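Structure first, then comments.
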Amino acid sequence: LEDEDGDGGGEGAGLDGADAGGPAPMDLSSPQGGADVPVLPEGINAEEAKMLEAAMFGIPYTGRIPDFSQQPPPVEASPDLVRQRSIRAEQDAAYEASLRADREKAAALQREKELQQQKEEAERKAKEEAEQAEEAKRQDLERKRASLPVEPASDDSGAINVAVRLPDGSRCSRKFLRSHPLNALFDFVDVQSEAPPGSYRLLTQFPRRVLSADADASLESAGLQGRQEALFMEILEES
């Protein structure tokens, strides 16, 4: 029997041997390799593999230290890979364009919806204001109609019949007392005509005089003293 310290159990040296009790390192320097030689990953050369093996087995590495400062040359992609990447890029671009178009369409629909709501709200508000103005006008005319003085009898010595010619050619007339306020005449014209209060003035023909609503004036003090008085309405121009 051979001694245990003989040729069969010497200490391992470098990467060509290992401790007697551990697995033997793989010979990565052989061009054919063997059944146990792994296929190295792309970008890993044999020297790097030996360094990794030495570190794994805890033995010194005596080979050449690779130069890690230089990047390995780029590996040219295969035509199939290039084509797949191009197709994927086109698909991604089409998806992003479709997504952007959908977002723009949704934003446009939202803006259109908001504008429609604003339009409807403005129309509703304008309608309410018009209805309120019309109701206020109706109530004002009702108040003026109710506040008109009692029409005197025809044989009353203080009675005066006032006829007013309206812009459309029609006439309205009523009896007043000469002592009635001039405002009562304007209230009567407001009730009989469709002209808004304050949008017209009354004039006498001969002599030509302009009558203005005055709470302190009476028909007599305004110059309406005859039994019959003819006036005409003149619409004021908007400034």
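How things are named: the first chain in the structure tokens is A, the next is B, and so on; residues count from 1 in each chain; ligands count from 1 in the order shown.
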inquiry  = Write out as a list in words the set of residues from range 27-227 of chain A that DSSP, computed on the backbone, places in strand (DSSP E or B).
reply    = Ala159, Ile160, Asn161, Val162, Ala163, Val164, Arg165, Arg171, Cys172, Ser173, Arg174, Lys175, Phe176, Leu177, Pro181, Tyr200, Arg201, Leu202, Leu203, Thr204, Arg209, Val210, Leu211 and Ser218 of chain A
request  = Name the residues in contact with Ser199 in chain A at a cut-off of 9 Å, using only C-alpha atoms, excluding same-chain residues fewer than 5 positions from it; report them as a ChimeraX atom specification.
outcome  = /A:234-238
Would you write out those residues with N, CA and C atoms, as a PDB file, in the first residue's frame?
```
ATOM      1  N   GLU A 234     -94.495 110.287 -27.966  1.00  0.00           N
ATOM      2  CA  GLU A 234     -93.259 110.257 -28.733  1.00  0.00           C
ATOM      3  C   GLU A 234     -92.271 109.351 -28.019  1.00  0.00           C
ATOM      4  N   ILE A 235     -91.823 108.295 -28.705  1.00  0.00           N
ATOM      5  CA  ILE A 235     -90.863 107.356 -28.130  1.00  0.00           C
ATOM      6  C   ILE A 235     -89.484 108.014 -28.087  1.00  0.00           C
ATOM      7  N   LEU A 236     -88.840 107.900 -26.939  1.00  0.00           N
ATOM      8  CA  LEU A 236     -87.517 108.484 -26.776  1.00  0.00           C
ATOM      9  C   LEU A 236     -86.473 107.582 -27.427  1.00  0.00           C
ATOM     10  N   GLU A 237     -85.501 108.202 -28.052  1.00  0.00           N
ATOM     11  CA  GLU A 237     -84.411 107.450 -28.659  1.00  0.00           C
ATOM     12  C   GLU A 237     -83.470 106.946 -27.571  1.00  0.00           C
ATOM     13  N   GLU A 238     -83.004 105.708 -27.757  1.00  0.00           N
ATOM     14  CA  GLU A 238     -82.070 105.153 -26.784  1.00  0.00           C
ATOM     15  C   GLU A 238     -80.717 105.793 -26.950  1.00  0.00           C
TER      16      GLU A 238
END
```
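Nearest to Val150 in chain A of all the residues A:Ala163, A:Ala213, A:Arg174, A:Gln228 is A:Arg174, based on only C-alpha atoms.
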request  = Select from range 20-239 of chain A everything DSSP, run on the backbone, classes as alpha helix (DSSP H), then give the selection as a ChimeraX atom specification.
outcome  = /A:46-57,79-147,182-192
File of the preceding selection, C-alpha atoms, as a compact mmCIF listing (two decimals), in the first residue's frame:
```
# COMPACT_ATOMS: atom_id res chain seq x y z
CA ALA A 46 -12.59 31.35 -19.80
CA GLU A 47 -10.25 33.47 -17.66
CA GLU A 48 -13.14 35.06 -15.86
CA ALA A 49 -14.65 31.64 -15.31
CA LYS A 50 -11.36 30.43 -13.79
CA MET A 51 -11.32 33.42 -11.43
CA LEU A 52 -14.84 32.62 -10.31
CA GLU A 53 -13.93 28.97 -9.82
CA ALA A 54 -10.86 29.89 -7.74
CA ALA A 55 -13.00 32.11 -5.55
CA MET A 56 -15.56 29.33 -5.11
CA PHE A 57 -12.96 26.72 -4.08
CA PRO A 79 -32.15 40.04 -37.95
CA ASP A 80 -35.08 38.30 -36.28
CA LEU A 81 -34.43 40.15 -33.03
CA VAL A 82 -34.10 43.45 -34.86
CA ARG A 83 -37.37 42.80 -36.68
CA GLN A 84 -39.16 41.86 -33.44
CA ARG A 85 -37.87 44.98 -31.71
CA SER A 86 -39.03 47.11 -34.65
CA ILE A 87 -42.48 45.51 -34.57
CA ARG A 88 -42.70 46.01 -30.80
CA ALA A 89 -41.65 49.67 -31.14
CA GLU A 90 -44.29 50.23 -33.82
CA GLN A 91 -46.93 48.54 -31.67
CA ASP A 92 -45.95 50.66 -28.66
CA ALA A 93 -46.06 53.84 -30.75
CA ALA A 94 -49.47 52.90 -32.17
CA TYR A 95 -50.79 52.16 -28.68
CA GLU A 96 -49.51 55.48 -27.33
CA ALA A 97 -51.04 57.32 -30.30
CA SER A 98 -54.37 55.55 -29.78
CA LEU A 99 -54.28 56.28 -26.06
CA ARG A 100 -53.47 59.94 -26.72
CA ALA A 101 -56.30 60.18 -29.26
CA ASP A 102 -58.74 58.63 -26.78
CA ARG A 103 -57.67 61.10 -24.10
CA GLU A 104 -58.03 64.05 -26.46
CA LYS A 105 -61.45 62.81 -27.56
CA ALA A 106 -62.57 62.41 -23.95
CA ALA A 107 -61.27 65.89 -23.10
CA ALA A 108 -63.09 67.38 -26.11
CA LEU A 109 -66.32 65.65 -25.10
CA GLN A 110 -65.92 66.93 -21.55
CA ARG A 111 -65.34 70.50 -22.79
CA GLU A 112 -68.36 70.23 -25.09
CA LYS A 113 -70.46 68.94 -22.20
CA GLU A 114 -69.33 71.79 -19.94
CA LEU A 115 -70.05 74.38 -22.67
CA GLN A 116 -73.50 72.89 -23.22
CA GLN A 117 -74.18 73.01 -19.47
CA GLN A 118 -73.02 76.63 -19.34
CA LYS A 119 -75.24 77.49 -22.32
CA GLU A 120 -78.25 75.79 -20.75
CA GLU A 121 -77.57 77.50 -17.43
CA ALA A 122 -77.28 80.91 -19.14
CA GLU A 123 -80.52 80.29 -21.06
CA ARG A 124 -82.28 79.18 -17.90
CA LYS A 125 -81.05 82.22 -16.00
CA ALA A 126 -82.02 84.58 -18.85
CA LYS A 127 -85.47 83.00 -18.99
CA GLU A 128 -85.91 83.37 -15.24
CA GLU A 129 -84.81 87.02 -15.38
CA ALA A 130 -87.17 87.70 -18.29
CA GLU A 131 -90.04 86.04 -16.44
CA GLN A 132 -89.23 88.01 -13.30
CA ALA A 133 -89.07 91.25 -15.28
CA GLU A 134 -92.37 90.44 -16.97
CA GLU A 135 -93.98 89.62 -13.65
CA ALA A 136 -92.64 92.82 -12.11
CA LYS A 137 -94.01 94.80 -15.06
CA ARG A 138 -97.41 93.11 -14.73
CA GLN A 139 -97.58 93.86 -11.02
CA ASP A 140 -96.51 97.47 -11.62
CA LEU A 141 -99.24 97.93 -14.23
CA GLU A 142 -101.81 96.35 -11.90
CA ARG A 143 -100.74 98.74 -9.18
CA LYS A 144 -101.06 101.71 -11.53
CA ARG A 145 -104.44 100.54 -12.80
CA ALA A 146 -105.69 100.19 -9.22
CA SER A 147 -104.32 103.59 -8.25
CA LEU A 182 -100.17 114.59 -13.99
CA ASN A 183 -98.65 111.28 -12.91
CA ALA A 184 -102.15 109.75 -13.10
CA LEU A 185 -102.23 110.55 -16.82
CA PHE A 186 -98.87 108.83 -17.35
CA ASP A 187 -100.05 105.82 -15.32
CA PHE A 188 -103.08 105.56 -17.59
CA VAL A 189 -100.91 105.67 -20.71
CA ASP A 190 -98.59 103.02 -19.21
CA VAL A 191 -101.56 100.73 -18.67
CA GLN A 192 -103.05 101.29 -22.14
```
10 Å contact set for Leu224 in chain A, only C-alpha atoms, chain neighbours under 2 positions out, as a ChimeraX atom specification = /A:160-162,178,182,204,211,218-222,226-231
Separation of CA of Phe232 in chain A from CA of Asp168 in chain A in Å = 10.9 Å
message = One decimal, in Å: what's the spacing between CA of Ser157 in chain A and CA of Ala217 in chain A?
response = 19.9 Å
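In this structure, CA of Ser179 in chain A sits 9.0 Å away from CA of Ala159 in chain A.
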